[in-house]
$ cat target-v3.pdb   # PDB, C-alpha atoms
MODEL        1
ATOM      1  CA  MET R   1     174.416  -4.285 -95.749
ATOM      2  CA  LEU R   2     177.945  -3.342 -94.674
ATOM      3  CA  ASP R   3     176.997   0.341 -94.756
ATOM      4  CA  VAL R   4     174.115  -0.370 -92.387
ATOM      5  CA  LEU R   5     176.548  -1.851 -89.865
ATOM      6  CA  THR R   6     178.344   1.498 -89.588
ATOM      7  CA  ILE R   7     175.221   3.284 -88.285
ATOM      8  CA  PRO R   8     175.477   3.662 -84.462
ATOM      9  CA  PHE R   9     171.827   2.848 -83.657
ATOM     10  CA  MET R  10     172.000  -0.225 -85.903
ATOM     11  CA  GLN R  11     175.124  -1.381 -84.059
ATOM     12  CA  ASN R  12     173.283  -0.988 -80.734
ATOM     13  CA  ALA R  13     170.282  -2.853 -82.141
ATOM     14  CA  ILE R  14     172.397  -5.776 -83.344
ATOM     15  CA  ILE R  15     174.417  -6.052 -80.122
ATOM     16  CA  GLY R  16     171.308  -5.732 -77.965
ATOM     17  CA  GLY R  17     169.443  -8.185 -80.169
ATOM     18  CA  ILE R  18     172.201 -10.802 -79.916
ATOM     19  CA  LEU R  19     172.385 -10.455 -76.126
ATOM     20  CA  LEU R  20     168.622 -10.834 -75.784
ATOM     21  CA  ALA R  21     168.551 -13.722 -78.256
ATOM     22  CA  VAL R  22     171.103 -15.648 -76.200
ATOM     23  CA  LEU R  23     169.469 -14.809 -72.844
ATOM     24  CA  LEU R  24     165.909 -15.631 -73.890
ATOM     25  CA  SER R  25     166.922 -18.791 -75.753
ATOM     26  CA  VAL R  26     168.628 -20.245 -72.676
ATOM     27  CA  LEU R  27     165.649 -19.421 -70.455
ATOM     28  CA  SER R  28     163.329 -20.846 -73.101
ATOM     29  CA  ILE R  29     164.294 -24.424 -72.182
ATOM     30  CA  PHE R  30     162.824 -23.995 -68.688
ATOM     31  CA  ILE R  31     159.640 -22.438 -70.072
ATOM     32  CA  ASN R  32     159.307 -25.416 -72.394
ATOM     33  CA  ILE R  33     159.924 -28.070 -69.722
ATOM     34  CA  LYS R  34     157.632 -26.467 -67.137
ATOM     35  CA  ASN R  35     154.916 -25.661 -69.685
ATOM     36  CA  TRP R  36     155.130 -22.083 -68.454
ATOM     37  CA  SER R  37     154.201 -20.399 -71.718
ATOM     38  CA  PHE R  38     151.073 -18.895 -70.185
ATOM     39  CA  ILE R  39     153.025 -17.682 -67.140
ATOM     40  CA  ASN R  40     155.332 -15.746 -69.423
ATOM     41  CA  VAL R  41     152.354 -14.295 -71.283
ATOM     42  CA  GLY R  42     150.865 -13.219 -67.940
ATOM     43  CA  ILE R  43     154.106 -11.616 -66.737
ATOM     44  CA  SER R  44     154.751  -9.791 -70.017
ATOM     45  CA  HIS R  45     151.240  -8.335 -70.105
ATOM     46  CA  ALA R  46     151.285  -7.516 -66.396
ATOM     47  CA  THR R  47     154.320  -5.359 -67.162
ATOM     48  CA  PHE R  48     152.024  -3.027 -69.087
ATOM     49  CA  GLY R  49     150.345  -1.913 -65.866
ATOM     50  CA  GLY R  50     153.687  -0.868 -64.411
ATOM     51  CA  LEU R  51     154.799   0.844 -67.622
ATOM     52  CA  ALA R  52     151.557   2.854 -67.803
ATOM     53  CA  LEU R  53     151.832   3.806 -64.120
ATOM     54  CA  GLY R  54     155.414   4.961 -64.666
ATOM     55  CA  VAL R  55     154.376   7.177 -67.580
ATOM     56  CA  TYR R  56     151.462   8.557 -65.537
ATOM     57  CA  LEU R  57     153.681   9.391 -62.528
ATOM     58  CA  GLY R  58     156.522  10.704 -64.669
ATOM     59  CA  VAL R  59     159.056   8.177 -63.358
ATOM     60  CA  SER R  60     160.994   5.411 -65.086
ATOM     61  CA  PRO R  61     158.396   3.174 -66.782
ATOM     62  CA  ILE R  62     160.859   0.283 -67.039
ATOM     63  CA  SER R  63     161.531   0.365 -63.280
ATOM     64  CA  LEU R  64     157.842   0.148 -62.419
ATOM     65  CA  GLY R  65     157.261  -2.376 -65.190
ATOM     66  CA  LEU R  66     159.997  -4.499 -63.645
ATOM     67  CA  ALA R  67     158.417  -4.181 -60.195
ATOM     68  CA  PHE R  68     155.025  -5.217 -61.593
ATOM     69  CA  ALA R  69     156.553  -8.180 -63.467
ATOM     70  CA  ILE R  70     158.426  -9.547 -60.446
ATOM     71  CA  THR R  71     155.451  -8.992 -58.128
ATOM     72  CA  THR R  72     153.140 -10.726 -60.588
ATOM     73  CA  GLY R  73     155.524 -13.666 -60.875
ATOM     74  CA  PHE R  74     155.679 -14.060 -57.097
ATOM     75  CA  PHE R  75     151.914 -13.799 -56.715
ATOM     76  CA  ILE R  76     151.378 -16.387 -59.445
ATOM     77  CA  GLY R  77     153.569 -18.818 -57.545
ATOM     78  CA  TYR R  78     152.168 -17.922 -54.125
ATOM     79  CA  ILE R  79     148.497 -18.145 -55.128
ATOM     80  CA  SER R  80     149.103 -21.419 -56.963
ATOM     81  CA  LYS R  81     150.968 -23.036 -54.069
ATOM     82  CA  LYS R  82     149.088 -21.634 -51.072
ATOM     83  CA  GLY R  83     145.631 -21.232 -52.532
ATOM     84  CA  ASN R  84     145.445 -24.626 -54.237
ATOM     85  CA  ILE R  85     144.527 -22.806 -57.446
ATOM     86  CA  HIS R  86     145.848 -23.878 -60.826
ATOM     87  CA  GLU R  87     148.514 -21.535 -62.195
ATOM     88  CA  ASP R  88     146.396 -20.717 -65.257
ATOM     89  CA  ILE R  89     143.639 -19.283 -63.020
ATOM     90  CA  SER R  90     146.005 -17.163 -60.911
ATOM     91  CA  ILE R  91     147.687 -15.914 -64.103
ATOM     92  CA  GLY R  92     144.335 -14.968 -65.581
ATOM     93  CA  ILE R  93     143.376 -13.034 -62.446
ATOM     94  CA  LEU R  94     146.632 -11.071 -62.156
ATOM     95  CA  PHE R  95     146.879 -10.623 -65.941
ATOM     96  CA  SER R  96     143.402  -9.018 -66.013
ATOM     97  CA  ILE R  97     143.995  -6.738 -63.011
ATOM     98  CA  SER R  98     147.328  -5.424 -64.299
ATOM     99  CA  MET R  99     146.066  -4.849 -67.833
ATOM    100  CA  ALA R 100     143.013  -3.050 -66.409
ATOM    101  CA  LEU R 101     145.295  -0.751 -64.398
ATOM    102  CA  GLY R 102     147.355  -0.143 -67.524
ATOM    103  CA  VAL R 103     144.284   0.897 -69.500
ATOM    104  CA  ILE R 104     143.176   3.229 -66.677
ATOM    105  CA  PHE R 105     146.556   4.965 -66.489
ATOM    106  CA  LEU R 106     146.727   5.083 -70.286
ATOM    107  CA  THR R 107     143.378   6.919 -70.302
ATOM    108  CA  LEU R 108     144.626   9.370 -67.674
ATOM    109  CA  THR R 109     147.749  10.222 -69.704
ATOM    110  CA  PRO R 110     146.524  10.813 -73.285
ATOM    111  CA  ASN R 111     149.580  12.904 -74.205
ATOM    112  CA  TYR R 112     151.915   9.968 -73.662
ATOM    113  CA  THR R 113     150.237   7.320 -75.775
ATOM    114  CA  SER R 114     153.165   7.299 -78.214
ATOM    115  CA  ASP R 115     155.534   6.191 -75.436
ATOM    116  CA  LEU R 116     153.198   3.392 -74.395
ATOM    117  CA  PHE R 117     152.717   2.407 -78.038
ATOM    118  CA  THR R 118     156.481   1.846 -78.239
ATOM    119  CA  PHE R 119     156.382  -0.293 -75.091
ATOM    120  CA  LEU R 120     153.469  -2.324 -76.456
ATOM    121  CA  PHE R 121     155.047  -3.158 -79.802
ATOM    122  CA  GLY R 122     158.746  -2.510 -79.193
ATOM    123  CA  ASN R 123     161.451  -0.878 -81.265
ATOM    124  CA  ILE R 124     164.871  -2.456 -81.109
ATOM    125  CA  LEU R 125     166.343   0.521 -82.970
ATOM    126  CA  THR R 126     165.845   2.621 -79.806
ATOM    127  CA  ILE R 127     168.152   0.438 -77.697
ATOM    128  CA  THR R 128     170.862   2.552 -76.043
ATOM    129  CA  LYS R 129     174.320   1.850 -74.669
ATOM    130  CA  GLN R 130     172.835   1.894 -71.152
ATOM    131  CA  ASP R 131     170.339  -0.817 -72.175
ATOM    132  CA  ILE R 132     173.206  -2.916 -73.527
ATOM    133  CA  TYR R 133     175.231  -2.522 -70.306
ATOM    134  CA  LEU R 134     172.172  -3.579 -68.295
ATOM    135  CA  LEU R 135     171.698  -6.607 -70.559
ATOM    136  CA  VAL R 136     175.346  -7.610 -70.146
ATOM    137  CA  ILE R 137     175.206  -7.337 -66.340
ATOM    138  CA  PHE R 138     171.946  -9.264 -66.063
ATOM    139  CA  SER R 139     173.101 -11.920 -68.550
ATOM    140  CA  ILE R 140     176.313 -12.490 -66.587
ATOM    141  CA  PHE R 141     174.305 -12.851 -63.367
ATOM    142  CA  THR R 142     171.777 -15.202 -64.998
ATOM    143  CA  PHE R 143     174.342 -17.454 -66.651
ATOM    144  CA  GLY R 144     176.385 -17.562 -63.446
ATOM    145  CA  TYR R 145     173.301 -18.592 -61.492
ATOM    146  CA  LEU R 146     172.386 -21.249 -64.065
ATOM    147  CA  TYR R 147     175.964 -22.547 -64.203
ATOM    148  CA  PHE R 148     176.029 -23.318 -60.483
ATOM    149  CA  PHE R 149     172.447 -24.557 -60.085
ATOM    150  CA  PHE R 150     171.521 -25.851 -63.536
ATOM    151  CA  GLN R 151     171.047 -29.512 -62.602
ATOM    152  CA  LYS R 152     168.910 -28.716 -59.535
ATOM    153  CA  ILE R 153     166.774 -26.245 -61.490
ATOM    154  CA  LEU R 154     166.332 -28.787 -64.268
ATOM    155  CA  PHE R 155     165.383 -31.441 -61.710
ATOM    156  CA  CYS R 156     162.762 -29.105 -60.207
ATOM    157  CA  CYS R 157     161.381 -28.322 -63.655
ATOM    158  CA  TYR R 158     160.995 -31.977 -64.609
ATOM    159  CA  ASN R 159     159.471 -33.124 -61.315
ATOM    160  CA  GLU R 160     159.143 -30.649 -58.451
ATOM    161  CA  GLU R 161     157.662 -33.163 -55.999
ATOM    162  CA  VAL R 162     160.476 -35.700 -56.438
ATOM    163  CA  ALA R 163     163.041 -32.892 -56.199
ATOM    164  CA  TYR R 164     161.483 -31.756 -52.910
ATOM    165  CA  THR R 165     161.564 -35.262 -51.415
ATOM    166  CA  SER R 166     165.227 -35.467 -52.484
ATOM    167  CA  GLY R 167     166.041 -32.550 -50.190
ATOM    168  CA  ILE R 168     166.171 -29.756 -52.780
ATOM    169  CA  ASN R 169     164.811 -26.358 -51.752
ATOM    170  CA  THR R 170     162.249 -26.266 -54.569
ATOM    171  CA  ASN R 171     160.641 -23.006 -53.414
ATOM    172  CA  PHE R 172     163.940 -21.156 -53.770
ATOM    173  CA  TYR R 173     164.527 -22.381 -57.324
ATOM    174  CA  TYR R 174     160.860 -21.899 -58.245
ATOM    175  CA  TYR R 175     160.713 -18.242 -57.204
ATOM    176  CA  SER R 176     164.243 -17.364 -58.324
ATOM    177  CA  LEU R 177     163.550 -18.767 -61.794
ATOM    178  CA  ILE R 178     160.269 -16.838 -62.015
ATOM    179  CA  THR R 179     162.123 -13.661 -60.979
ATOM    180  CA  ILE R 180     164.809 -14.136 -63.636
ATOM    181  CA  ILE R 181     162.187 -14.809 -66.309
ATOM    182  CA  ALA R 182     160.257 -11.712 -65.207
ATOM    183  CA  VAL R 183     163.334  -9.482 -65.472
ATOM    184  CA  ALA R 184     164.303 -10.975 -68.844
ATOM    185  CA  THR R 185     160.762 -10.368 -70.102
ATOM    186  CA  VAL R 186     160.910  -6.692 -69.128
ATOM    187  CA  LEU R 187     164.310  -6.311 -70.812
ATOM    188  CA  ALA R 188     162.775  -7.785 -73.961
ATOM    189  CA  VAL R 189     160.123  -5.067 -74.042
ATOM    190  CA  LYS R 190     162.359  -2.708 -76.034
ATOM    191  CA  LEU R 191     163.086  -5.459 -78.524
ATOM    192  CA  VAL R 192     159.604  -6.710 -79.340
ATOM    193  CA  GLY R 193     157.272  -4.926 -76.906
ATOM    194  CA  VAL R 194     154.919  -6.205 -74.225
ATOM    195  CA  ILE R 195     152.633  -8.007 -76.659
ATOM    196  CA  LEU R 196     155.360 -10.054 -78.355
ATOM    197  CA  ALA R 197     157.923 -10.407 -75.528
ATOM    198  CA  SER R 198     156.496 -13.746 -74.450
ATOM    199  CA  ALA R 199     156.887 -15.139 -77.977
ATOM    200  CA  MET R 200     160.631 -14.520 -77.996
ATOM    201  CA  ILE R 201     161.094 -16.623 -74.859
ATOM    202  CA  ILE R 202     158.680 -19.394 -75.880
ATOM    203  CA  LEU R 203     159.579 -19.979 -79.539
ATOM    204  CA  PRO R 204     163.319 -20.868 -79.288
ATOM    205  CA  ALA R 205     163.009 -24.125 -77.300
ATOM    206  CA  ALA R 206     159.580 -24.857 -78.794
ATOM    207  CA  THR R 207     161.212 -24.833 -82.238
ATOM    208  CA  THR R 208     164.461 -26.659 -81.532
ATOM    209  CA  SER R 209     162.763 -29.293 -79.352
ATOM    210  CA  GLN R 210     161.135 -30.455 -82.584
ATOM    211  CA  MET R 211     164.619 -31.388 -83.822
ATOM    212  CA  PHE R 212     166.381 -32.684 -80.713
ATOM    213  CA  TRP R 213     165.598 -34.415 -77.412
ATOM    214  CA  HIS R 214     168.720 -33.637 -75.378
ATOM    215  CA  TYR R 215     168.545 -30.301 -73.545
ATOM    216  CA  LYS R 216     172.117 -29.283 -74.481
ATOM    217  CA  LYS R 217     171.392 -29.627 -78.188
ATOM    218  CA  ILE R 218     168.083 -27.812 -77.730
ATOM    219  CA  ILE R 219     169.772 -24.858 -75.984
ATOM    220  CA  ILE R 220     172.730 -24.564 -78.374
ATOM    221  CA  THR R 221     170.535 -24.779 -81.465
ATOM    222  CA  ALA R 222     168.013 -22.331 -79.970
ATOM    223  CA  VAL R 223     170.760 -19.781 -79.283
ATOM    224  CA  LEU R 224     172.251 -20.021 -82.795
ATOM    225  CA  LEU R 225     168.840 -19.949 -84.460
ATOM    226  CA  SER R 226     167.700 -16.949 -82.388
ATOM    227  CA  ILE R 227     170.824 -14.961 -83.278
ATOM    228  CA  ILE R 228     170.286 -15.624 -86.992
ATOM    229  CA  ILE R 229     166.590 -14.698 -86.808
ATOM    230  CA  VAL R 230     167.259 -11.498 -84.847
ATOM    231  CA  PHE R 231     169.845 -10.502 -87.467
ATOM    232  CA  ALA R 232     167.397 -11.245 -90.268
ATOM    233  CA  GLY R 233     164.533  -9.463 -88.524
ATOM    234  CA  ILE R 234     166.548  -6.299 -87.904
ATOM    235  CA  PHE R 235     167.775  -6.030 -91.493
ATOM    236  CA  VAL R 236     164.392  -6.859 -93.038
ATOM    237  CA  SER R 237     162.582  -4.372 -90.798
ATOM    238  CA  TYR R 238     165.165  -1.656 -91.566
ATOM    239  CA  GLN R 239     165.130  -2.351 -95.299
ATOM    240  CA  TYR R 240     161.331  -2.336 -95.665
ATOM    241  CA  ASN R 241     160.462   0.066 -92.820
ATOM    242  CA  LEU R 242     158.615  -2.583 -90.802
ATOM    243  CA  PRO R 243     158.240  -2.863 -87.001
ATOM    244  CA  SER R 244     161.364  -4.702 -85.846
ATOM    245  CA  GLY R 245     159.839  -6.746 -83.018
ATOM    246  CA  ALA R 246     156.911  -7.994 -85.062
ATOM    247  CA  THR R 247     159.239  -8.857 -87.955
ATOM    248  CA  ILE R 248     161.533 -10.909 -85.724
ATOM    249  CA  VAL R 249     158.652 -12.837 -84.156
ATOM    250  CA  PHE R 250     156.973 -13.380 -87.536
ATOM    251  CA  ILE R 251     160.176 -14.871 -88.992
ATOM    252  CA  TYR R 252     160.516 -17.095 -85.927
ATOM    253  CA  GLY R 253     156.921 -18.218 -86.371
ATOM    254  CA  ILE R 254     157.609 -19.165 -89.992
ATOM    255  CA  VAL R 255     160.690 -21.140 -88.947
ATOM    256  CA  PHE R 256     158.659 -22.903 -86.242
ATOM    257  CA  PHE R 257     155.968 -24.062 -88.668
ATOM    258  CA  ILE R 258     158.544 -25.075 -91.288
ATOM    259  CA  THR R 259     160.319 -27.155 -88.635
ATOM    260  CA  ILE R 260     157.088 -28.966 -87.719
ATOM    261  CA  PHE R 261     156.248 -29.501 -91.400
ATOM    262  CA  VAL R 262     159.688 -30.943 -92.221
ATOM    263  CA  LYS R 263     159.634 -33.103 -89.092
ATOM    264  CA  ASN R 264     156.267 -34.601 -90.076
ATOM    265  CA  ILE R 265     157.479 -35.307 -93.622
ATOM    266  CA  ILE R 266     160.574 -37.079 -92.274
ATOM    267  CA  GLN R 267     158.419 -39.149 -89.895
ATOM    268  CA  VAL R 268     156.091 -40.144 -92.759
ATOM    269  CA  ILE R 269     159.054 -41.153 -94.926
ATOM    270  CA  GLN R 270     160.626 -43.152 -92.093
ATOM    271  CA  HIS R 271     157.306 -44.834 -91.305
ATOM    272  CA  GLY R 272     156.790 -45.697 -94.968
ATOM    273  CA  SER R 273     160.266 -47.160 -95.350
ATOM    274  CA  SER R 274     159.809 -49.308 -92.231
TER     275      SER R 274
ENDMDL
END
$ encode --input "target-v3.pdb" --output "structure tokens"
Amino acid sequence: MLDVLTIPFMQNAIIGGILLAVLLSVLSIFINIKNWSFINVGISHATFGGLALGVYLGVSPISLGLAFAITTGFFIGYISKKGNIHEDISIGILFSISMALGVIFLTLTPNYTSDLFTFLFGNILTITKQDIYLLVIFSIFTFGYLYFFFQKILFCCYNEEVAYTSGINTNFYYYSLITIIAVATVLAVKLVGVILASAMIILPAATTSQMFWHYKKIIITAVLLSIIIVFAGIFVSYQYNLPSGATIVFIYGIVFFITIFVKNIIQVIQHGSS
């Protein structure tokens, strides 16, 4: 294991994985409170349209994927608020359109299917120094934003209507949070790919909220657990030549179901003793 740590691309993978684990775990609490799991699925899959367009045009796929993700996030919010349409419906509409565009551009660029395959399923071992620098910059911005506005954002997540009547600019926090989640989702594409990116931002708080009620404990535990699982996923995938993103998410899924199982056993024992 120590020899593996001396390999440059493994060092990049571990550093990038830790940064993403921390970033996504912190954002996971807001996804969990707002019940935004489907929004994240919609944004992550909408990214595919931008990635495919970027490959087709011969420009940076990540840049166009990012543009698609942010635009989709804004449209989800706008259609839901202005069109009196439930978020699930607006997500389904935009999700379908973007994926359809992705398939069209994928068909038009048959020689680049390997690149899009990587974006779909991810490969953390391809993370570069530039990706790590970008992750550091965005993480600093995100944590700075959350540090100054955490309580107001949390208030909006728990009850947006009450927050609005209290004088809080709910639209600002709503759209800014969607934007941050969209960017984080695109950055996660290299880790686990478009298909699994949403899982890495949903599972942390979904798992640790089974253990704790207080948001601070949920966040801290989610961050520590995510770091451990990313470590485990990288080494297991490297050792057995498995896809890194899928391995990480699969391990997280196992931990999630074990947590629920143990929680139910404890509740049965406590109920029986009472």
$ closest_residue --input "target-v3.pdb" --among "R:Thr109, R:Gln270, R:Ser237, R:Ser90" --to "Gly54 in chain R" --atoms "all atoms listed in the file"
R:Thr109
$ residues_near_point --input "target-v3.pdb" --point "(162.4, -9.5, -69.7)" --cutoff "12 Å" --atoms "only C-alpha atoms" --output "NGL selection string"
:R and (19-21 or 23-25 or 27-28 or 40-41 or 43-47 or 62-63 or 65-70 or 73 or 134-135 or 138-139 or 142 or 178-194 or 196-201)
$ residues_around --input "target-v3.pdb" --residues "Ile248 in chain R" --least-positions-apart "3" --cutoff "10 Å" --atoms "all atoms listed in the file" --output "VMD selection string"
chain R and resid 191 to 192 196 199 to 200 226 229 to 237 243 to 245 251 to 253
$ atom_distance --input "target-v3.pdb" --atom1 "CA of Phe38 in chain R" --atom2 "CA of Phe141 in chain R"
25.0 Å
$ atom_distance --input "target-v3.pdb" --atom1 "CA of Ala222 in chain R" --atom2 "CA of Tyr175 in chain R"
24.3 Å
$ residues_near_point --input "target-v3.pdb" --point "(156.0, -31.7, -70.0)" --cutoff "9 Å" --atoms "only C-alpha atoms" --output "list in words"
Asn32, Ile33, Lys34, Asn35, Cys157 and Tyr158 of chain R
$ axis_aligned_box --input "target-v3.pdb" --around "range 136-153 of chain R" --padding-each-side "4 Å" --output "JSON"
{"center_x": 171.6, "center_y": -18.4, "center_z": -64.8, "size_x": 17.6, "size_y": 30.2, "size_z": 18.6}
$ closest_residue --input "target-v3.pdb" --among "R:Asn171, R:Asn12, R:Thr207, R:Thr6" --to "Asp131 in chain R" --atoms "all atoms listed in the file"
R:Asn12
$ resolve_selection --input "target-v3.pdb" --expression "the PyMOL selection byres ((chain R and resi 218) around 12)" --output "VMD selection string"
chain R and resid 25 to 30 32 to 33 203 to 217 219 to 226
$ write_last_selection --input "target-v3.pdb" --atoms "C-alpha atoms" --output "short mmCIF file (atom, residue, chain, number, x, y, z; two decimals), keeping the file's coordinate frame"
data_model
loop_
_atom_site.label_atom_id
_atom_site.label_comp_id
_atom_site.auth_asym_id
_atom_site.auth_seq_id
_atom_site.Cartn_x
_atom_site.Cartn_y
_atom_site.Cartn_z
CA SER R 25 166.92 -18.79 -75.75
CA VAL R 26 168.63 -20.24 -72.68
CA LEU R 27 165.65 -19.42 -70.46
CA SER R 28 163.33 -20.85 -73.10
CA ILE R 29 164.29 -24.42 -72.18
CA PHE R 30 162.82 -24.00 -68.69
CA ASN R 32 159.31 -25.42 -72.39
CA ILE R 33 159.92 -28.07 -69.72
CA LEU R 203 159.58 -19.98 -79.54
CA PRO R 204 163.32 -20.87 -79.29
CA ALA R 205 163.01 -24.12 -77.30
CA ALA R 206 159.58 -24.86 -78.79
CA THR R 207 161.21 -24.83 -82.24
CA THR R 208 164.46 -26.66 -81.53
CA SER R 209 162.76 -29.29 -79.35
CA GLN R 210 161.14 -30.46 -82.58
CA MET R 211 164.62 -31.39 -83.82
CA PHE R 212 166.38 -32.68 -80.71
CA TRP R 213 165.60 -34.42 -77.41
CA HIS R 214 168.72 -33.64 -75.38
CA TYR R 215 168.54 -30.30 -73.54
CA LYS R 216 172.12 -29.28 -74.48
CA LYS R 217 171.39 -29.63 -78.19
CA ILE R 219 169.77 -24.86 -75.98
CA ILE R 220 172.73 -24.56 -78.37
CA THR R 221 170.54 -24.78 -81.46
CA ALA R 222 168.01 -22.33 -79.97
CA VAL R 223 170.76 -19.78 -79.28
CA LEU R 224 172.25 -20.02 -82.80
CA LEU R 225 168.84 -19.95 -84.46
CA SER R 226 167.70 -16.95 -82.39
#
$ residues_around --input "target-v3.pdb" --residues "Ser96 in chain R" --least-positions-apart "2" --cutoff "12 Å" --atoms "all atoms listed in the file" --output "list in words"
Val41, Gly42, Ile43, His45, Ala46, Thr47, Phe48, Gly49, Thr72, Ile89, Ser90, Ile91, Gly92, Ile93, Leu94, Ser98, Met99, Ala100, Leu101, Gly102 and Val103 of chain R
$ residues_around --input "target-v3.pdb" --residues "Ile132 in chain R" --least-positions-apart "4" --cutoff "7 Å" --atoms "all atoms listed in the file" --output "list of chain:residue names"
R:Gly16, R:Thr128, R:Val136
$ write_last_selection --input "target-v3.pdb" --atoms "C-alpha atoms" --output "mmCIF file, keeping the file's coordinate frame"
data_model
loop_
_atom_site.group_PDB
_atom_site.id
_atom_site.type_symbol
_atom_site.label_atom_id
_atom_site.label_comp_id
_atom_site.auth_asym_id
_atom_site.auth_seq_id
_atom_site.Cartn_x
_atom_site.Cartn_y
_atom_site.Cartn_z
ATOM 1 C CA GLY R 16 171.308 -5.732 -77.965
ATOM 2 C CA THR R 128 170.862 2.552 -76.043
ATOM 3 C CA VAL R 136 175.346 -7.610 -70.146
#
$ closest_residue --input "target-v3.pdb" --among "R:Leu51, R:Phe95, R:Phe250, R:Phe256" --to "Leu120 in chain R" --atoms "only C-alpha atoms"
R:Leu51
$ closest_residue --input "target-v3.pdb" --among "R:Ile127, R:Val55, R:Ile104, R:Ala246" --to "Ile15 in chain R" --atoms "only C-alpha atoms"
R:Ile127
$ atom_distance --input "target-v3.pdb" --atom1 "CA of Gly122 in chain R" --atom2 "CA of Ile258 in chain R"
25.6 Å
$ closest_residue --input "target-v3.pdb" --among "R:Gly77, R:Ile39, R:Ile227, R:Tyr238" --to "Ser176 in chain R" --atoms "all atoms listed in the file"
R:Gly77
$ build_atoms --input "target-v3.pdb" --residues "range 44-57 of chain R" --atoms "N, CA and C atoms" --output "mmCIF file, in the frame of the given file"
data_model
loop_
_atom_site.group_PDB
_atom_site.id
_atom_site.type_symbol
_atom_site.label_atom_id
_atom_site.label_comp_id
_atom_site.auth_asym_id
_atom_site.auth_seq_id
_atom_site.Cartn_x
_atom_site.Cartn_y
_atom_site.Cartn_z
ATOM 1 N N SER R 44 154.473 -10.818 -69.009
ATOM 2 C CA SER R 44 154.751 -9.791 -70.017
ATOM 3 C C SER R 44 153.606 -8.778 -70.105
ATOM 4 N N HIS R 45 152.367 -9.251 -70.023
ATOM 5 C CA HIS R 45 151.240 -8.335 -70.105
ATOM 6 C C HIS R 45 151.021 -7.586 -68.792
ATOM 7 N N ALA R 46 151.379 -8.213 -67.683
ATOM 8 C CA ALA R 46 151.285 -7.516 -66.396
ATOM 9 C C ALA R 46 152.242 -6.337 -66.350
ATOM 10 N N THR R 47 153.341 -6.447 -67.092
ATOM 11 C CA THR R 47 154.320 -5.359 -67.162
ATOM 12 C C THR R 47 153.681 -4.073 -67.656
ATOM 13 N N PHE R 48 152.672 -4.207 -68.513
ATOM 14 C CA PHE R 48 152.024 -3.027 -69.087
ATOM 15 C C PHE R 48 151.438 -2.120 -68.019
ATOM 16 N N GLY R 49 150.888 -2.716 -66.956
ATOM 17 C CA GLY R 49 150.345 -1.913 -65.866
ATOM 18 C C GLY R 49 151.413 -1.045 -65.228
ATOM 19 N N GLY R 50 152.582 -1.626 -65.006
ATOM 20 C CA GLY R 50 153.687 -0.868 -64.411
ATOM 21 C C GLY R 50 154.224 0.196 -65.345
ATOM 22 N N LEU R 51 154.320 -0.125 -66.635
ATOM 23 C CA LEU R 51 154.799 0.844 -67.622
ATOM 24 C C LEU R 51 153.863 2.049 -67.687
ATOM 25 N N ALA R 52 152.549 1.778 -67.728
ATOM 26 C CA ALA R 52 151.557 2.854 -67.803
ATOM 27 C C ALA R 52 151.585 3.709 -66.543
ATOM 28 N N LEU R 53 151.749 3.069 -65.381
ATOM 29 C CA LEU R 53 151.832 3.806 -64.120
ATOM 30 C C LEU R 53 153.067 4.707 -64.101
ATOM 31 N N GLY R 54 154.192 4.179 -64.612
ATOM 32 C CA GLY R 54 155.414 4.961 -64.666
ATOM 33 C C GLY R 54 155.264 6.206 -65.536
ATOM 34 N N VAL R 55 154.621 6.034 -66.689
ATOM 35 C CA VAL R 55 154.376 7.177 -67.580
ATOM 36 C C VAL R 55 153.452 8.189 -66.899
ATOM 37 N N TYR R 56 152.431 7.684 -66.217
ATOM 38 C CA TYR R 56 151.462 8.557 -65.537
ATOM 39 C C TYR R 56 152.130 9.368 -64.419
ATOM 40 N N LEU R 57 153.016 8.717 -63.649
ATOM 41 C CA LEU R 57 153.681 9.391 -62.528
ATOM 42 C C LEU R 57 154.907 10.190 -62.951
#
